[in-house]
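run.txt, holding compact mmCIF, N, CA and C atoms:
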# COMPACT_ATOMS: atom_id res chain seq x y z
N VAL A 198 83.43 -34.42 116.29
CA VAL A 198 82.96 -35.80 116.33
C VAL A 198 81.68 -35.86 117.17
N VAL A 199 80.62 -36.37 116.57
CA VAL A 199 79.34 -36.51 117.26
C VAL A 199 79.22 -37.94 117.75
N GLU A 200 78.99 -38.10 119.04
CA GLU A 200 78.86 -39.43 119.61
C GLU A 200 77.40 -39.86 119.62
N MET A 201 77.17 -41.14 119.35
CA MET A 201 75.81 -41.69 119.41
C MET A 201 75.41 -41.90 120.86
N PRO A 202 74.12 -41.70 121.18
CA PRO A 202 73.67 -42.01 122.54
C PRO A 202 73.82 -43.50 122.83
N VAL A 203 74.27 -43.79 124.03
CA VAL A 203 74.49 -45.18 124.44
C VAL A 203 73.33 -45.61 125.32
N ARG A 204 72.85 -46.82 125.08
CA ARG A 204 71.72 -47.37 125.83
C ARG A 204 72.14 -48.66 126.52
N ILE A 205 71.55 -48.91 127.69
CA ILE A 205 71.68 -50.21 128.35
C ILE A 205 70.36 -50.93 128.05
N ARG A 206 70.45 -52.04 127.33
CA ARG A 206 69.22 -52.69 126.88
C ARG A 206 69.35 -54.20 126.86
N LEU A 207 68.23 -54.86 126.59
CA LEU A 207 68.19 -56.32 126.53
C LEU A 207 68.49 -56.78 125.11
N SER A 208 69.31 -57.82 125.00
CA SER A 208 69.63 -58.43 123.72
C SER A 208 69.12 -59.87 123.77
N LEU A 209 68.21 -60.21 122.87
CA LEU A 209 67.54 -61.50 122.90
C LEU A 209 68.45 -62.63 122.41
N HIS A 210 68.51 -63.68 123.20
CA HIS A 210 69.23 -64.91 122.85
C HIS A 210 68.32 -66.07 123.24
N GLY A 211 68.75 -67.27 123.01
CA GLY A 211 67.92 -68.41 123.38
C GLY A 211 67.22 -68.98 122.17
N CYS A 212 66.28 -69.87 122.41
CA CYS A 212 65.60 -70.61 121.34
C CYS A 212 64.14 -70.16 121.26
N THR A 213 63.43 -70.76 120.34
CA THR A 213 62.00 -70.53 120.22
C THR A 213 61.31 -71.00 121.50
N ASN A 214 60.42 -70.19 122.02
CA ASN A 214 59.66 -70.47 123.26
C ASN A 214 60.55 -70.57 124.49
N ARG A 215 61.80 -70.14 124.42
CA ARG A 215 62.70 -70.17 125.57
C ARG A 215 63.63 -68.97 125.50
N PRO A 216 63.11 -67.76 125.77
CA PRO A 216 63.94 -66.57 125.64
C PRO A 216 64.97 -66.47 126.76
N PHE A 217 66.05 -65.81 126.44
CA PHE A 217 67.11 -65.52 127.40
C PHE A 217 67.72 -64.21 126.93
N TYR A 218 67.95 -63.29 127.85
CA TYR A 218 68.43 -61.97 127.47
C TYR A 218 69.80 -61.68 128.07
N HIS A 219 70.66 -61.04 127.28
CA HIS A 219 71.88 -60.45 127.81
C HIS A 219 71.58 -58.97 128.00
N ILE A 220 72.04 -58.42 129.10
CA ILE A 220 71.92 -56.98 129.33
C ILE A 220 73.20 -56.37 128.80
N VAL A 221 73.08 -55.56 127.75
CA VAL A 221 74.26 -55.05 127.04
C VAL A 221 74.23 -53.53 126.98
N VAL A 222 75.42 -52.97 126.76
CA VAL A 222 75.57 -51.54 126.52
C VAL A 222 75.88 -51.39 125.04
N ALA A 223 75.05 -50.63 124.32
CA ALA A 223 75.23 -50.48 122.88
C ALA A 223 74.75 -49.11 122.44
N PRO A 224 75.36 -48.56 121.40
CA PRO A 224 74.82 -47.33 120.82
C PRO A 224 73.39 -47.55 120.35
N SER A 225 72.57 -46.51 120.44
CA SER A 225 71.14 -46.67 120.17
C SER A 225 70.85 -47.08 118.73
N ARG A 226 71.75 -46.81 117.79
CA ARG A 226 71.48 -47.15 116.40
C ARG A 226 71.82 -48.58 116.04
N PHE A 227 72.52 -49.28 116.91
CA PHE A 227 72.87 -50.67 116.63
C PHE A 227 71.63 -51.54 116.75
N LYS A 228 71.63 -52.68 116.05
CA LYS A 228 70.50 -53.60 116.10
C LYS A 228 70.37 -54.19 117.51
N ARG A 229 69.17 -54.65 117.83
CA ARG A 229 68.90 -55.20 119.16
C ARG A 229 69.84 -56.34 119.52
N ASP A 230 70.01 -57.28 118.61
CA ASP A 230 70.85 -58.45 118.88
C ASP A 230 72.21 -58.33 118.19
N GLY A 231 72.54 -57.15 117.71
CA GLY A 231 73.78 -56.97 116.97
C GLY A 231 74.97 -56.67 117.87
N ARG A 232 75.88 -55.87 117.34
CA ARG A 232 77.10 -55.54 118.07
C ARG A 232 76.77 -54.76 119.33
N HIS A 233 77.64 -54.87 120.31
CA HIS A 233 77.48 -54.10 121.53
C HIS A 233 78.86 -53.76 122.08
N LEU A 234 78.91 -52.79 122.97
CA LEU A 234 80.18 -52.38 123.56
C LEU A 234 80.59 -53.31 124.69
N GLU A 235 79.62 -53.73 125.50
CA GLU A 235 79.94 -54.56 126.66
C GLU A 235 78.67 -55.27 127.14
N GLN A 236 78.84 -56.49 127.61
CA GLN A 236 77.74 -57.20 128.25
C GLN A 236 77.89 -57.00 129.76
N VAL A 237 76.83 -56.48 130.40
CA VAL A 237 76.90 -56.16 131.83
C VAL A 237 75.99 -57.03 132.68
N GLY A 238 75.31 -58.01 132.08
CA GLY A 238 74.45 -58.88 132.87
C GLY A 238 73.64 -59.81 132.00
N SER A 239 72.79 -60.59 132.66
CA SER A 239 71.89 -61.50 131.94
C SER A 239 70.57 -61.57 132.70
N PHE A 240 69.53 -61.96 131.97
CA PHE A 240 68.18 -62.04 132.53
C PHE A 240 67.47 -63.23 131.92
N ASP A 241 66.97 -64.12 132.78
CA ASP A 241 66.21 -65.29 132.35
C ASP A 241 64.75 -65.08 132.77
N PRO A 242 63.87 -64.70 131.83
CA PRO A 242 62.48 -64.39 132.20
C PRO A 242 61.60 -65.59 132.48
N MET A 243 62.08 -66.79 132.19
CA MET A 243 61.27 -67.99 132.43
C MET A 243 61.45 -68.42 133.88
N PRO A 244 60.36 -68.51 134.64
CA PRO A 244 60.49 -68.91 136.05
C PRO A 244 61.05 -70.33 136.18
N ASN A 245 61.95 -70.52 137.14
CA ASN A 245 62.48 -71.86 137.39
C ASN A 245 61.53 -72.61 138.30
N TYR A 246 61.93 -73.75 138.82
CA TYR A 246 61.04 -74.58 139.64
C TYR A 246 60.66 -73.92 140.96
N ASN A 247 61.41 -72.88 141.40
CA ASN A 247 61.03 -72.11 142.59
C ASN A 247 60.26 -70.85 142.23
N ASN A 248 59.83 -70.73 140.97
CA ASN A 248 59.10 -69.58 140.46
C ASN A 248 59.93 -68.30 140.55
N GLU A 249 61.23 -68.42 140.28
CA GLU A 249 62.14 -67.27 140.30
C GLU A 249 62.60 -66.95 138.89
N LYS A 250 62.70 -65.67 138.59
CA LYS A 250 63.30 -65.22 137.33
C LYS A 250 64.71 -64.75 137.67
N LEU A 251 65.70 -65.37 137.06
CA LEU A 251 67.07 -65.14 137.46
C LEU A 251 67.69 -63.95 136.73
N VAL A 252 68.43 -63.12 137.49
CA VAL A 252 69.12 -61.95 136.95
C VAL A 252 70.54 -61.96 137.49
N ALA A 253 71.50 -61.70 136.61
CA ALA A 253 72.89 -61.53 137.02
C ALA A 253 73.35 -60.17 136.51
N LEU A 254 73.92 -59.36 137.40
CA LEU A 254 74.32 -58.00 137.04
C LEU A 254 75.75 -57.74 137.48
N ASN A 255 76.50 -57.03 136.63
CA ASN A 255 77.82 -56.53 137.00
C ASN A 255 77.60 -55.08 137.45
N ILE A 256 77.35 -54.89 138.73
CA ILE A 256 76.90 -53.61 139.26
C ILE A 256 77.93 -52.51 139.06
N ASP A 257 79.21 -52.82 139.22
CA ASP A 257 80.25 -51.81 139.04
C ASP A 257 80.24 -51.25 137.62
N ARG A 258 80.14 -52.13 136.64
CA ARG A 258 80.15 -51.67 135.25
C ARG A 258 78.85 -50.93 134.89
N ILE A 259 77.73 -51.36 135.45
CA ILE A 259 76.47 -50.66 135.20
C ILE A 259 76.54 -49.26 135.76
N ARG A 260 77.06 -49.12 136.99
CA ARG A 260 77.21 -47.78 137.58
C ARG A 260 78.15 -46.92 136.75
N TYR A 261 79.22 -47.51 136.22
CA TYR A 261 80.14 -46.75 135.37
C TYR A 261 79.40 -46.23 134.14
N TRP A 262 78.68 -47.11 133.44
CA TRP A 262 78.00 -46.69 132.22
C TRP A 262 76.91 -45.66 132.51
N LEU A 263 76.22 -45.78 133.64
CA LEU A 263 75.23 -44.77 134.01
C LEU A 263 75.92 -43.43 134.28
N SER A 264 77.12 -43.47 134.88
CA SER A 264 77.83 -42.23 135.20
C SER A 264 78.34 -41.51 133.96
N VAL A 265 78.60 -42.24 132.87
CA VAL A 265 79.06 -41.58 131.65
C VAL A 265 77.91 -41.24 130.71
N GLY A 266 76.67 -41.46 131.15
CA GLY A 266 75.51 -40.98 130.39
C GLY A 266 74.71 -42.03 129.66
N ALA A 267 74.96 -43.31 129.87
CA ALA A 267 74.15 -44.35 129.22
C ALA A 267 72.75 -44.35 129.82
N GLU A 268 71.74 -44.50 128.96
CA GLU A 268 70.35 -44.50 129.42
C GLU A 268 69.79 -45.91 129.33
N PRO A 269 69.20 -46.42 130.43
CA PRO A 269 68.57 -47.74 130.35
C PRO A 269 67.21 -47.67 129.66
N THR A 270 66.85 -48.74 128.97
CA THR A 270 65.51 -48.84 128.39
C THR A 270 64.52 -49.13 129.53
N LYS A 271 63.22 -49.07 129.26
CA LYS A 271 62.23 -49.30 130.31
C LYS A 271 62.34 -50.66 130.98
N PRO A 272 62.47 -51.76 130.20
CA PRO A 272 62.60 -53.07 130.87
C PRO A 272 63.86 -53.15 131.74
N VAL A 273 64.97 -52.60 131.26
CA VAL A 273 66.20 -52.62 132.05
C VAL A 273 66.07 -51.71 133.26
N TYR A 274 65.39 -50.58 133.10
CA TYR A 274 65.17 -49.66 134.22
C TYR A 274 64.41 -50.38 135.33
N LYS A 275 63.40 -51.18 134.96
CA LYS A 275 62.63 -51.93 135.97
C LYS A 275 63.51 -52.95 136.68
N ILE A 276 64.37 -53.64 135.93
CA ILE A 276 65.27 -54.63 136.54
C ILE A 276 66.25 -53.95 137.48
N LEU A 277 66.83 -52.84 137.04
CA LEU A 277 67.80 -52.12 137.88
C LEU A 277 67.12 -51.49 139.09
N GLY A 278 65.86 -51.09 138.95
CA GLY A 278 65.11 -50.57 140.10
C GLY A 278 64.86 -51.63 141.14
N LEU A 279 64.49 -52.82 140.71
CA LEU A 279 64.25 -53.92 141.64
C LEU A 279 65.55 -54.40 142.28
N ALA A 280 66.68 -54.19 141.59
CA ALA A 280 67.99 -54.57 142.13
C ALA A 280 68.55 -53.52 143.07
N GLY A 281 67.93 -52.33 143.12
CA GLY A 281 68.38 -51.29 144.04
C GLY A 281 69.42 -50.36 143.45
N ILE A 282 69.68 -50.44 142.16
CA ILE A 282 70.68 -49.57 141.54
C ILE A 282 70.04 -48.23 141.16
N LEU A 283 68.80 -48.25 140.72
CA LEU A 283 68.04 -47.05 140.36
C LEU A 283 66.77 -47.02 141.21
N PRO A 284 66.08 -45.86 141.24
CA PRO A 284 64.78 -45.85 141.92
C PRO A 284 63.81 -46.81 141.23
N VAL A 285 62.89 -47.35 142.00
CA VAL A 285 61.93 -48.31 141.44
C VAL A 285 61.06 -47.59 140.42
N HIS A 286 60.88 -48.23 139.27
CA HIS A 286 60.07 -47.67 138.19
C HIS A 286 58.62 -47.59 138.66
N PRO A 287 57.94 -46.45 138.44
CA PRO A 287 56.55 -46.31 138.91
C PRO A 287 55.61 -47.38 138.38
N ARG A 288 55.88 -47.89 137.19
CA ARG A 288 55.03 -48.92 136.60
C ARG A 288 55.06 -50.20 137.43
N SER A 289 56.16 -50.45 138.14
CA SER A 289 56.28 -51.66 138.96
C SER A 289 55.22 -51.68 140.05
N TYR A 290 54.96 -50.53 140.66
CA TYR A 290 53.94 -50.45 141.70
C TYR A 290 52.56 -50.77 141.14
N LEU A 291 52.25 -50.21 139.95
CA LEU A 291 50.94 -50.44 139.35
C LEU A 291 50.76 -51.92 138.99
N GLU A 292 51.80 -52.53 138.44
CA GLU A 292 51.70 -53.95 138.09
C GLU A 292 51.52 -54.82 139.33
N THR A 293 52.21 -54.48 140.41
CA THR A 293 52.08 -55.25 141.65
C THR A 293 50.67 -55.14 142.20
N GLU A 294 50.12 -53.94 142.22
CA GLU A 294 48.74 -53.75 142.69
C GLU A 294 47.76 -54.56 141.86
N ARG A 295 47.92 -54.51 140.54
CA ARG A 295 47.01 -55.22 139.64
C ARG A 295 47.10 -56.73 139.87
N ARG A 296 48.31 -57.25 140.01
CA ARG A 296 48.48 -58.68 140.23
C ARG A 296 47.89 -59.12 141.56
N LEU A 297 48.08 -58.31 142.61
CA LEU A 297 47.49 -58.64 143.91
C LEU A 297 45.97 -58.65 143.83
N ARG A 298 45.41 -57.67 143.11
CA ARG A 298 43.96 -57.60 142.95
C ARG A 298 43.45 -58.84 142.22
N ASP A 299 44.17 -59.27 141.16
CA ASP A 299 43.76 -60.47 140.42
C ASP A 299 43.81 -61.71 141.31
N ILE A 300 44.86 -61.86 142.09
CA ILE A 300 44.99 -63.01 142.99
C ILE A 300 43.87 -63.00 144.01
N ASN A 301 43.58 -61.83 144.59
CA ASN A 301 42.51 -61.73 145.58
C ASN A 301 41.14 -62.03 144.98
N ASN A 302 40.92 -61.61 143.74
CA ASN A 302 39.65 -61.89 143.08
C ASN A 302 39.49 -63.39 142.82
N ARG A 303 40.58 -64.06 142.47
CA ARG A 303 40.51 -65.49 142.20
C ARG A 303 40.26 -66.29 143.49
N THR A 304 40.85 -65.84 144.60
CA THR A 304 40.70 -66.59 145.85
C THR A 304 39.50 -66.13 146.67
N GLY A 305 38.90 -65.00 146.29
CA GLY A 305 37.75 -64.50 147.02
C GLY A 305 38.10 -63.72 148.25
N ILE A 306 39.37 -63.37 148.44
CA ILE A 306 39.81 -62.58 149.59
C ILE A 306 40.07 -61.16 149.12
N ASP A 307 39.56 -60.19 149.86
CA ASP A 307 39.79 -58.79 149.49
C ASP A 307 40.61 -58.12 150.59
N LYS A 308 41.91 -58.08 150.42
CA LYS A 308 42.80 -57.49 151.42
C LYS A 308 42.98 -56.00 151.22
N THR A 309 42.53 -55.45 150.09
CA THR A 309 42.71 -54.03 149.83
C THR A 309 41.81 -53.18 150.72
N LYS A 310 40.69 -53.72 151.22
CA LYS A 310 39.77 -52.95 152.04
C LYS A 310 40.12 -53.03 153.53
N GLU A 311 41.05 -53.89 153.90
CA GLU A 311 41.40 -54.01 155.32
C GLU A 311 42.27 -52.88 155.78
Show the structure stored in the file as structure tokens.
Amino acid sequence: VVEMPVRIRLSLHGCTNRPFYHIVVAPSRFKRDGRHLEQVGSFDPMPNYNNEKLVALNIDRIRYWLSVGAEPTKPVYKILGLAGILPVHPRSYLETERRLRDINNRTGIDKTKE
């Protein structure tokens, strides 16, 4: 019996112009929004009135699935890295630097040279 690789990935839900994602564990061949083995969290990418993007994670189940060989996709890897479950994704550092540079350019302050 050959087992399919299992992935931890985002499953799109919500309406037009208002995305909402479930973080699910599913075999890699299943459709993005199709069947899944288990839902282990949720992610709301739209900032709320405090400019926060909300994430809910079932850490015990995520650690279990990682221990049995499930691989997170890049977006999920970044979320799990920021949550402290995995090492921070290297791309997160680059995006943070770029955003700080953009903010500093808009305000006329250059903190990178200090």
Self-check item: All helix (DSSP H, G or I) residues (DSSP, backbone) inside range 248-305 of chain A, as a ChimeraX atom specification
Solution: /A:256-264,271-280,287-304
Quiz prompt | From A:Glu235, A:Asp241, A:Glu294, A:Asp230, residue lying nearest Ile276 in chain A [only C-alpha atoms] | solution = A:Asp241
Quiz prompt | From A:Arg288, A:His219, A:His233, A:Arg226, residue lying nearest Pro202 in chain A [all atoms listed in the file] | solution =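 Closest residue, counting all atoms listed in the file: A:Arg226.
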Practice problem: Rounded to one decimal place, report the atom N of Tyr261 in chain A-CA of Val237 in chain A distance in Å. | Solution: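 CA of Val237 in chain A lies at a distance of 10.0 Å from atom N of Tyr261 in chain A.
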Practice problem: From a DSSP calculation on the backbone, collect every residue of chain A in strand (DSSP E) and output the set as an MDAnalysis selection string. | Solution: chainID A and resid 203:212 215:224 235:241 251:254 268:269
Quiz prompt | Atomic separation - atom C of Ser225 in chain A relative to CA of Lys250 in chain A, Å | solution = 27.1 Å
Selection near range 251-259 of chain A, 8 Å with only C-alpha atoms, sequence-local residues under 6 positions removed, as a JSON list (two decimals) with N, CA and C atoms, keeping the file's coordinate frame:
[["chain", "number", "residue", "atom", "x", "y", "z"],
["A", 237, "VAL", "N", 76.83, -56.48, 130.40],
["A", 237, "VAL", "CA", 76.90, -56.16, 131.83],
["A", 237, "VAL", "C", 75.99, -57.03, 132.68],
["A", 238, "GLY", "N", 75.31, -58.01, 132.08],
["A", 238, "GLY", "CA", 74.45, -58.88, 132.87],
["A", 238, "GLY", "C", 73.64, -59.81, 132.00],
["A", 239, "SER", "N", 72.79, -60.59, 132.66],
["A", 239, "SER", "CA", 71.89, -61.50, 131.94],
["A", 239, "SER", "C", 70.57, -61.57, 132.70],
["A", 240, "PHE", "N", 69.53, -61.96, 131.97],
["A", 240, "PHE", "CA", 68.18, -62.04, 132.53],
["A", 240, "PHE", "C", 67.47, -63.23, 131.92],
["A", 241, "ASP", "N", 66.97, -64.12, 132.78],
["A", 241, "ASP", "CA", 66.21, -65.29, 132.35],
["A", 241, "ASP", "C", 64.75, -65.08, 132.77],
["A", 242, "PRO", "N", 63.87, -64.70, 131.83],
["A", 242, "PRO", "CA", 62.48, -64.39, 132.20],
["A", 242, "PRO", "C", 61.60, -65.59, 132.48],
["A", 244, "PRO", "N", 60.36, -68.51, 134.64],
["A", 244, "PRO", "CA", 60.49, -68.91, 136.05],
["A", 244, "PRO", "C", 61.05, -70.33, 136.18],
["A", 282, "ILE", "N", 69.68, -50.44, 142.16],
["A", 282, "ILE", "CA", 70.68, -49.57, 141.54],
["A", 282, "ILE", "C", 70.04, -48.23, 141.16]]
Quiz prompt | Straight-line distance linking atom C of Asn214 in chain A with atom C of Met243 in chain A, stated in Å to one decimal | solution =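 Taking atom C of Asn214 in chain A as the start and atom C of Met243 in chain A as the end point, the length is 9.7 Å.
Candidate residues A:Ser208, A:Gly281, A:Arg295, A:Met201 were compared for distance to Lys228 in chain A, and the nearest is A:Ser208, using only N, CA and C atoms.
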Output range 247-259 of chain A as a compact mmCIF listing (two decimals), keeping the file's coordinate frame, making sure N, CA, C and O atoms are there.
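This is the output file rebuild07.txt:
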# COMPACT_ATOMS: atom_id res chain seq x y z
N ASN A 247 61.41 -72.88 141.40
CA ASN A 247 61.03 -72.11 142.59
C ASN A 247 60.26 -70.85 142.23
O ASN A 247 60.10 -69.96 143.06
N ASN A 248 59.83 -70.73 140.97
CA ASN A 248 59.10 -69.58 140.46
C ASN A 248 59.93 -68.30 140.55
O ASN A 248 59.41 -67.24 140.86
N GLU A 249 61.23 -68.42 140.28
CA GLU A 249 62.14 -67.27 140.30
C GLU A 249 62.60 -66.95 138.89
O GLU A 249 62.88 -67.85 138.10
N LYS A 250 62.70 -65.67 138.59
CA LYS A 250 63.30 -65.22 137.33
C LYS A 250 64.71 -64.75 137.67
O LYS A 250 64.88 -63.86 138.50
N LEU A 251 65.70 -65.37 137.06
CA LEU A 251 67.07 -65.14 137.46
C LEU A 251 67.69 -63.95 136.73
O LEU A 251 67.53 -63.79 135.52
N VAL A 252 68.43 -63.12 137.49
CA VAL A 252 69.12 -61.95 136.95
C VAL A 252 70.54 -61.96 137.49
O VAL A 252 70.76 -62.19 138.68
N ALA A 253 71.50 -61.70 136.61
CA ALA A 253 72.89 -61.53 137.02
C ALA A 253 73.35 -60.17 136.51
O ALA A 253 73.16 -59.84 135.34
N LEU A 254 73.92 -59.36 137.40
CA LEU A 254 74.32 -58.00 137.04
C LEU A 254 75.75 -57.74 137.48
O LEU A 254 76.16 -58.13 138.56
N ASN A 255 76.50 -57.03 136.63
CA ASN A 255 77.82 -56.53 137.00
C ASN A 255 77.60 -55.08 137.45
O ASN A 255 77.63 -54.15 136.64
N ILE A 256 77.35 -54.89 138.73
CA ILE A 256 76.90 -53.61 139.26
C ILE A 256 77.93 -52.51 139.06
O ILE A 256 77.58 -51.38 138.72
N ASP A 257 79.21 -52.82 139.22
CA ASP A 257 80.25 -51.81 139.04
C ASP A 257 80.24 -51.25 137.62
O ASP A 257 80.32 -50.03 137.42
N ARG A 258 80.14 -52.13 136.64
CA ARG A 258 80.15 -51.67 135.25
C ARG A 258 78.85 -50.93 134.89
O ARG A 258 78.87 -49.97 134.14
N ILE A 259 77.73 -51.36 135.45
CA ILE A 259 76.47 -50.66 135.20
C ILE A 259 76.54 -49.26 135.76
O ILE A 259 76.15 -48.28 135.11
